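J.: Sharing a structure here in structure tokens format.
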Amino acid sequence: MTILLTAGLIPLPHLPRELGEIVEPGQDIAGHRKLYTMVSNGELSMIIFDRGRWKCPRSLLPELAQALGLRLRRPARPRASTRRSAA
């Protein structure tokens, strides 16, 4: 079975896995059924209805995570270079 993701839209059943990639580990991420209930109640305005399916634009994943009360991962700090430049 091939899943076609259109133009950066993530289908509702795939959101928990995608959220797991951008939030700090150890947090309780809502499953797709809980997300569906929240969408149906109008609590998650970033979720759109596209071609008969509920989807979230990839660019709005951080906003969705914050709306769910999740803490985002901090960006990795660049490693300090151990090489010394020749003077």
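Ordering of the structure tokens sets the chain letters (A, B, ...), residue numbers begin anew at 1 in every chain, and ligands are numbered from 1 in the order given.
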Give the strand (DSSP E or B) residues of chain A, as DSSP finds them on the backbone, and put them as a PyMOL selection string.
T.: chain A and resi 9-11+23+48-50+53-57+72
J.: Step one, run DSSP on the backbone; step two, keep only residues of chain A assigned to helix (DSSP H, G or I); then write them as a VMD selection string.
T.: chain A and resid 12 to 22 32 to 40 58 to 67
J.: Can you write out the residues you just picked, keeping N, CA and C atoms, as a JSON list (two decimals), in the first residue's frame?
T.:
[["chain", "number", "residue", "atom", "x", "y", "z"],
["A", 12, "LEU", "N", -4.31, 12.94, 9.36],
["A", 12, "LEU", "CA", -4.56, 12.85, 10.80],
["A", 12, "LEU", "C", -3.99, 11.59, 11.45],
["A", 13, "PRO", "N", -4.15, 10.39, 10.85],
["A", 13, "PRO", "CA", -3.60, 9.19, 11.51],
["A", 13, "PRO", "C", -2.07, 9.20, 11.65],
["A", 14, "HIS", "N", -1.38, 10.00, 10.85],
["A", 14, "HIS", "CA", 0.08, 10.05, 10.88],
["A", 14, "HIS", "C", 0.61, 11.15, 11.80],
["A", 15, "LEU", "N", -0.26, 12.01, 12.32],
["A", 15, "LEU", "CA", 0.19, 13.13, 13.14],
["A", 15, "LEU", "C", 0.90, 12.71, 14.42],
["A", 16, "PRO", "N", 0.41, 11.72, 15.18],
["A", 16, "PRO", "CA", 1.14, 11.37, 16.40],
["A", 16, "PRO", "C", 2.60, 10.99, 16.15],
["A", 17, "ARG", "N", 2.86, 10.25, 15.08],
["A", 17, "ARG", "CA", 4.23, 9.86, 14.75],
["A", 17, "ARG", "C", 5.07, 11.09, 14.37],
["A", 18, "GLU", "N", 4.48, 11.97, 13.58],
["A", 18, "GLU", "CA", 5.20, 13.18, 13.15],
["A", 18, "GLU", "C", 5.46, 14.10, 14.34],
["A", 19, "LEU", "N", 4.50, 14.21, 15.25],
["A", 19, "LEU", "CA", 4.69, 15.04, 16.44],
["A", 19, "LEU", "C", 5.82, 14.47, 17.30],
["A", 20, "GLY", "N", 5.92, 13.16, 17.36],
["A", 20, "GLY", "CA", 6.99, 12.52, 18.13],
["A", 20, "GLY", "C", 8.37, 12.91, 17.67],
["A", 21, "GLU", "N", 8.50, 13.33, 16.43],
["A", 21, "GLU", "CA", 9.79, 13.73, 15.88],
["A", 21, "GLU", "C", 10.20, 15.14, 16.30],
["A", 22, "ILE", "N", 9.22, 15.99, 16.67],
["A", 22, "ILE", "CA", 9.55, 17.39, 16.95],
["A", 22, "ILE", "C", 9.38, 17.79, 18.41],
["A", 32, "HIS", "N", -4.61, 9.44, 17.19],
["A", 32, "HIS", "CA", -5.40, 10.05, 16.12],
["A", 32, "HIS", "C", -6.88, 10.15, 16.48],
["A", 33, "ARG", "N", -7.39, 9.25, 17.31],
["A", 33, "ARG", "CA", -8.80, 9.33, 17.69],
["A", 33, "ARG", "C", -9.07, 10.54, 18.58],
["A", 34, "LYS", "N", -8.16, 10.80, 19.52],
["A", 34, "LYS", "CA", -8.29, 11.98, 20.37],
["A", 34, "LYS", "C", -8.16, 13.25, 19.52],
["A", 35, "LEU", "N", -7.23, 13.24, 18.57],
["A", 35, "LEU", "CA", -7.07, 14.39, 17.68],
["A", 35, "LEU", "C", -8.34, 14.62, 16.87],
["A", 36, "TYR", "N", -8.94, 13.53, 16.38],
["A", 36, "TYR", "CA", -10.17, 13.65, 15.60],
["A", 36, "TYR", "C", -11.27, 14.29, 16.43],
["A", 37, "THR", "N", -11.39, 13.87, 17.69],
["A", 37, "THR", "CA", -12.40, 14.44, 18.58],
["A", 37, "THR", "C", -12.15, 15.93, 18.77],
["A", 38, "MET", "N", -10.89, 16.31, 18.95],
["A", 38, "MET", "CA", -10.56, 17.72, 19.14],
["A", 38, "MET", "C", -10.86, 18.54, 17.88],
["A", 39, "VAL", "N", -10.57, 17.96, 16.71],
["A", 39, "VAL", "CA", -10.86, 18.65, 15.45],
["A", 39, "VAL", "C", -12.38, 18.81, 15.30],
["A", 40, "SER", "N", -13.13, 17.77, 15.61],
["A", 40, "SER", "CA", -14.59, 17.81, 15.49],
["A", 40, "SER", "C", -15.20, 18.86, 16.43],
["A", 58, "ARG", "N", 2.50, 20.58, 7.22],
["A", 58, "ARG", "CA", 3.75, 20.31, 7.93],
["A", 58, "ARG", "C", 4.29, 21.57, 8.60],
["A", 59, "SER", "N", 4.13, 22.71, 7.98],
["A", 59, "SER", "CA", 4.65, 23.96, 8.54],
["A", 59, "SER", "C", 3.95, 24.35, 9.84],
["A", 60, "LEU", "N", 2.76, 23.79, 10.10],
["A", 60, "LEU", "CA", 2.01, 24.13, 11.31],
["A", 60, "LEU", "C", 2.16, 23.08, 12.42],
["A", 61, "LEU", "N", 3.04, 22.10, 12.24],
["A", 61, "LEU", "CA", 3.24, 21.08, 13.28],
["A", 61, "LEU", "C", 3.68, 21.68, 14.62],
["A", 62, "PRO", "N", 4.61, 22.64, 14.64],
["A", 62, "PRO", "CA", 4.98, 23.23, 15.93],
["A", 62, "PRO", "C", 3.79, 23.92, 16.62],
["A", 63, "GLU", "N", 2.95, 24.59, 15.84],
["A", 63, "GLU", "CA", 1.76, 25.23, 16.39],
["A", 63, "GLU", "C", 0.80, 24.18, 16.96],
["A", 64, "LEU", "N", 0.64, 23.07, 16.27],
["A", 64, "LEU", "CA", -0.20, 21.99, 16.75],
["A", 64, "LEU", "C", 0.34, 21.41, 18.05],
["A", 65, "ALA", "N", 1.65, 21.19, 18.10],
["A", 65, "ALA", "CA", 2.27, 20.66, 19.31],
["A", 65, "ALA", "C", 2.03, 21.58, 20.50],
["A", 66, "GLN", "N", 2.16, 22.87, 20.29],
["A", 66, "GLN", "CA", 1.93, 23.83, 21.37],
["A", 66, "GLN", "C", 0.47, 23.85, 21.79],
["A", 67, "ALA", "N", -0.44, 23.72, 20.83],
["A", 67, "ALA", "CA", -1.87, 23.69, 21.14],
["A", 67, "ALA", "C", -2.22, 22.45, 21.98]]
J.: Rank nothing, just name the residue among A:Gly69, A:Gly42, A:Pro78, A:Gly8 nearest to A:Gln27, using only C-alpha atoms.
T.: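 Ranking A:Gly69, A:Gly42, A:Pro78, A:Gly8 by distance to A:Gln27, first place goes to A:Gly69.
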J.: Distance atom CA of A:Ala76-atom CA of A:Gly31, one decimal place?
T.: 27.0 Å
J.: From the options A:Arg77, A:Met46, A:Arg71, A:Ile29, which residue's atoms come nearest to A:Leu9, counting only C-alpha atoms?
T.: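 Selected residue with least distance to A:Leu9: A:Met46.
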